[in-house]
Structures are given as structure tokens and as C-alpha cells.
>>> print(open('run_36.pdb').read())   # PDB, C-alpha atoms
ATOM      1  CA  MET A  94       4.424 -11.748 -17.741
ATOM      2  CA  ARG A  95       4.258 -11.233 -13.988
ATOM      3  CA  PRO A  96       1.222  -9.571 -12.388
ATOM      4  CA  VAL A  97       1.711  -5.954 -11.347
ATOM      5  CA  ILE A  98       1.142  -4.677  -7.815
ATOM      6  CA  TYR A  99       0.880  -1.172  -6.409
ATOM      7  CA  GLY A 100       2.452  -0.235  -3.110
ATOM      8  CA  TYR A 101       0.980   2.007  -0.431
ATOM      9  CA  MET A 102       2.519   3.461   2.700
ATOM     10  CA  ARG A 103       1.889   6.284   5.129
ATOM     11  CA  LEU A 104       4.832   8.282   6.429
ATOM     12  CA  ALA A 105       4.787   9.523  10.010
ATOM     13  CA  ALA A 106       3.721  13.117  10.536
ATOM     14  CA  GLY A 107       6.552  15.584  10.832
ATOM     15  CA  ARG A 108       9.190  13.138   9.604
ATOM     16  CA  VAL A 109      10.937  13.614   6.322
ATOM     17  CA  ASP A 110      13.330  10.703   6.231
ATOM     18  CA  CYS A 111      14.396   9.739   2.719
ATOM     19  CA  ASP A 112      16.207   6.676   4.083
ATOM     20  CA  GLU A 113      13.014   5.433   5.740
ATOM     21  CA  GLU A 114      11.075   5.884   2.515
ATOM     22  CA  GLU A 115      13.734   4.116   0.451
ATOM     23  CA  ARG A 116      13.938   1.212   2.937
ATOM     24  CA  ALA A 117      10.168   0.792   2.790
ATOM     25  CA  ARG A 118      10.187   0.891  -1.028
ATOM     26  CA  ALA A 119      12.967  -1.706  -1.086
ATOM     27  CA  GLU A 120      11.019  -3.923   1.322
ATOM     28  CA  LEU A 121       7.913  -3.669  -0.874
ATOM     29  CA  ALA A 122       9.920  -4.463  -4.017
ATOM     30  CA  ALA A 123      11.686  -7.446  -2.430
ATOM     31  CA  TYR A 124       8.413  -8.905  -1.160
ATOM     32  CA  ALA A 125       6.732  -8.443  -4.540
ATOM     33  CA  GLU A 126       9.674 -10.168  -6.241
ATOM     34  CA  ARG A 127       9.472 -13.150  -3.843
ATOM     35  CA  GLU A 128       5.753 -13.478  -4.570
ATOM     36  CA  GLY A 129       6.238 -13.371  -8.348
ATOM     37  CA  LEU A 130       4.849  -9.861  -8.739
ATOM     38  CA  THR A 131       6.225  -6.668 -10.245
ATOM     39  CA  LEU A 132       6.019  -3.587  -8.028
ATOM     40  CA  ASP A 133       4.822  -0.620 -10.039
ATOM     41  CA  GLN A 134       3.769   2.680  -8.539
ATOM     42  CA  VAL A 135       4.091   3.279  -4.788
ATOM     43  CA  PHE A 136       1.505   5.660  -3.351
ATOM     44  CA  ILE A 137       2.902   7.500  -0.340
ATOM     45  CA  GLU A 138       0.576   9.219   2.094
ATOM     46  CA  HIS A 139       2.089  12.367   3.554
ATOM     47  CA  ILE A 140      -0.086  13.492   6.444
ATOM     48  CA  ARG A 141       0.116  17.176   5.570
ATOM     49  CA  ALA A 142      -0.316  16.720   1.804
ATOM     50  CA  SER A 143      -3.228  18.424   0.091
ATOM     51  CA  GLU A 144      -4.058  15.347  -1.993
ATOM     52  CA  SER A 145      -4.827  11.913  -0.571
ATOM     53  CA  ALA A 146      -2.503   9.203  -1.864
ATOM     54  CA  PHE A 147      -5.074   6.633  -0.737
ATOM     55  CA  GLN A 148      -7.775   8.180  -2.938
ATOM     56  CA  THR A 149      -5.344   8.522  -5.847
ATOM     57  CA  MET A 150      -4.494   4.819  -5.489
ATOM     58  CA  LEU A 151      -8.200   3.864  -5.431
ATOM     59  CA  ASP A 152      -8.776   5.881  -8.609
ATOM     60  CA  ALA A 153      -5.831   4.152 -10.305
ATOM     61  CA  LEU A 154      -7.154   0.731  -9.272
ATOM     62  CA  ARG A 155     -10.613   1.527 -10.629
ATOM     63  CA  ARG A 156      -9.416   2.654 -14.052
ATOM     64  CA  GLY A 157      -6.477   0.321 -14.622
ATOM     65  CA  GLU A 158      -5.550  -3.295 -14.977
ATOM     66  CA  VAL A 159      -3.681  -3.513 -11.647
ATOM     67  CA  LYS A 160      -5.691  -5.443  -9.061
ATOM     68  CA  ASN A 161      -3.133  -5.943  -6.268
ATOM     69  CA  VAL A 162      -2.004  -3.614  -3.469
ATOM     70  CA  LEU A 163       0.929  -4.222  -1.110
ATOM     71  CA  VAL A 164       1.391  -2.523   2.265
ATOM     72  CA  PRO A 165       4.161  -2.989   4.844
ATOM     73  CA  SER A 166       1.501  -3.430   7.557
ATOM     74  CA  LEU A 167      -2.105  -2.497   8.219
ATOM     75  CA  TRP A 168      -0.764   0.289  10.466
ATOM     76  CA  HIS A 169      -0.140   2.208   7.252
ATOM     77  CA  PHE A 170      -3.922   2.529   6.899
ATOM     78  CA  ALA A 171      -4.872   3.298  10.501
ATOM     79  CA  ARG A 172      -3.932   2.596  14.113
ATOM     80  CA  LEU A 173      -7.304   1.127  15.105
ATOM     81  CA  PRO A 174      -7.906  -2.505  14.056
ATOM     82  CA  GLY A 175     -11.542  -1.825  13.143
ATOM     83  CA  LEU A 176     -10.554   1.017  10.827
ATOM     84  CA  GLN A 177      -7.758  -1.083   9.324
ATOM     85  CA  GLU A 178     -10.270  -3.783   8.442
ATOM     86  CA  ALA A 179     -12.739  -1.217   7.081
ATOM     87  CA  MET A 180     -10.072   0.198   4.771
ATOM     88  CA  ARG A 181      -9.133  -3.310   3.623
ATOM     89  CA  ARG A 182     -12.779  -4.070   2.807
ATOM     90  CA  HIS A 183     -13.152  -0.715   1.061
ATOM     91  CA  ILE A 184     -10.225  -1.453  -1.257
ATOM     92  CA  GLU A 185     -11.433  -4.966  -2.022
ATOM     93  CA  GLN A 186     -15.119  -4.088  -2.508
ATOM     94  CA  GLU A 187     -14.689  -0.801  -4.372
ATOM     95  CA  THR A 188     -11.947  -1.918  -6.752
ATOM     96  CA  GLY A 189     -11.910  -5.719  -6.734
ATOM     97  CA  ALA A 190      -8.222  -5.588  -5.777
ATOM     98  CA  ARG A 191      -6.464  -8.006  -3.462
ATOM     99  CA  LEU A 192      -4.595  -6.539  -0.483
ATOM    100  CA  TRP A 193      -1.198  -8.050   0.350
ATOM    101  CA  VAL A 194       0.295  -7.308   3.790
ATOM    102  CA  ILE A 195       3.994  -7.905   4.487
ATOM    103  CA  GLN A 196       3.850  -7.809   8.300
ATOM    104  CA  GLY A 197       2.599 -11.129   9.557
ATOM    105  CA  ALA A 198       3.126 -12.861   6.224
ATOM    106  CA  CYS A 199       4.879 -16.205   6.276
ATOM    107  CA  ARG A 200       8.253 -16.082   4.565
TER     108      ARG A 200
END
>>> encode(input="run_36.pdb", output="C-alpha cells")
Amino acid sequence: MRPVIYGYMRLAAGRVDCDEEERARAELAAYAEREGLTLDQVFIEHIRASESAFQTMLDALRRGEVKNVLVPSLWHFARLPGLQEAMRRHIEQETGARLWVIQGACR
């Protein structure tokens, strides 16, 4: 049985583009497949949403068996490199999960 991985992405404010979301989901699924993983739930951060997808993902990681998270790039966490790294450390330290990043990965 292949390990399961969650996906996470942030959609740009003010943009509701179903094609963009589907392309990103397909990219996450294809990468997971190449790495021998099974993509499960994808947490999508909508800037104007009342509930944080990031927090929901952290809660799911804490209570479940999934210990892998895949993002298209660290830009989906934040624009500032220091904040990107802080969010990476937060995921890893708070949940014990491994963060996989597509952008910059060797293919």
C-alpha cells in the first residue's frame, strides 16, 4: 500500500478560476504518483474564506495517519522566504509531517 499525502494550495485573492484549481490538483496528483504516493485530500486556502484551510490541514495531520504534505511551491504559504520557512518548520514540528515541494524538485 502506497503512503498517502495531503495537498495544500492557496488561490489568489479575487480569482475564481476552476481551470487553475483543476490544473493545480492534477499537478499535485501527477507528482504524488511519480513519487509513489497517493494524493488524498487537497486543502485549498481561499483568502476570503472564514475558515483557514491551513489550520484544518494541521488538525487533520495531528489526528490522522497521514504524515506527508505536498505543495506546488512555497509561495502557496507566503511570499516572504522567512515566513515560508517558518510555516515549513511549523508543519514539521507540530505534526511530524514531511513537506514535499514540487517547484524546484528534480524530475
>>> residues_around(input="run_36.pdb", residues="segment 159-162 of chain A", least_positions_apart="5", cutoff="8 Å", atoms="only C-alpha atoms", output="ChimeraX atom specification")
/A:96-101,154,188-193
>>> closest_residue(input="run_36.pdb", among="A:Gln186, A:Glu114, A:Pro174, A:Arg181", to="Arg155 of chain A", atoms="only C-alpha atoms")
A:Gln186
>>> resolve_selection(input="run_36.pdb", expression="the PyMOL selection byres ((chain A and resi 118) around 12)", output="PDB file with C-alpha atoms, keeping the file's coordinate frame")
ATOM      1  CA  TYR A  99       0.880  -1.172  -6.409  1.00  0.00           C
ATOM      2  CA  GLY A 100       2.452  -0.235  -3.110  1.00  0.00           C
ATOM      3  CA  TYR A 101       0.980   2.007  -0.431  1.00  0.00           C
ATOM      4  CA  MET A 102       2.519   3.461   2.700  1.00  0.00           C
ATOM      5  CA  ARG A 103       1.889   6.284   5.129  1.00  0.00           C
ATOM      6  CA  LEU A 104       4.832   8.282   6.429  1.00  0.00           C
ATOM      7  CA  CYS A 111      14.396   9.739   2.719  1.00  0.00           C
ATOM      8  CA  ASP A 112      16.207   6.676   4.083  1.00  0.00           C
ATOM      9  CA  GLU A 113      13.014   5.433   5.740  1.00  0.00           C
ATOM     10  CA  GLU A 114      11.075   5.884   2.515  1.00  0.00           C
ATOM     11  CA  GLU A 115      13.734   4.116   0.451  1.00  0.00           C
ATOM     12  CA  ARG A 116      13.938   1.212   2.937  1.00  0.00           C
ATOM     13  CA  ALA A 117      10.168   0.792   2.790  1.00  0.00           C
ATOM     14  CA  ALA A 119      12.967  -1.706  -1.086  1.00  0.00           C
ATOM     15  CA  GLU A 120      11.019  -3.923   1.322  1.00  0.00           C
ATOM     16  CA  LEU A 121       7.913  -3.669  -0.874  1.00  0.00           C
ATOM     17  CA  ALA A 122       9.920  -4.463  -4.017  1.00  0.00           C
ATOM     18  CA  ALA A 123      11.686  -7.446  -2.430  1.00  0.00           C
ATOM     19  CA  TYR A 124       8.413  -8.905  -1.160  1.00  0.00           C
ATOM     20  CA  ALA A 125       6.732  -8.443  -4.540  1.00  0.00           C
ATOM     21  CA  LEU A 132       6.019  -3.587  -8.028  1.00  0.00           C
ATOM     22  CA  ASP A 133       4.822  -0.620 -10.039  1.00  0.00           C
ATOM     23  CA  GLN A 134       3.769   2.680  -8.539  1.00  0.00           C
ATOM     24  CA  VAL A 135       4.091   3.279  -4.788  1.00  0.00           C
ATOM     25  CA  PHE A 136       1.505   5.660  -3.351  1.00  0.00           C
ATOM     26  CA  ILE A 137       2.902   7.500  -0.340  1.00  0.00           C
ATOM     27  CA  LEU A 163       0.929  -4.222  -1.110  1.00  0.00           C
ATOM     28  CA  VAL A 164       1.391  -2.523   2.265  1.00  0.00           C
ATOM     29  CA  PRO A 165       4.161  -2.989   4.844  1.00  0.00           C
TER      30      PRO A 165
END
>>> atom_distance(input="run_36.pdb", atom1="atom CA of Leu151 of chain A", atom2="atom CA of Met180 of chain A")
11.0 Å
>>> closest_residue(input="run_36.pdb", among="A:Ile195, A:Phe170, A:Gly175, A:Gly157", to="Glu138 of chain A", atoms="only C-alpha atoms")
A:Phe170
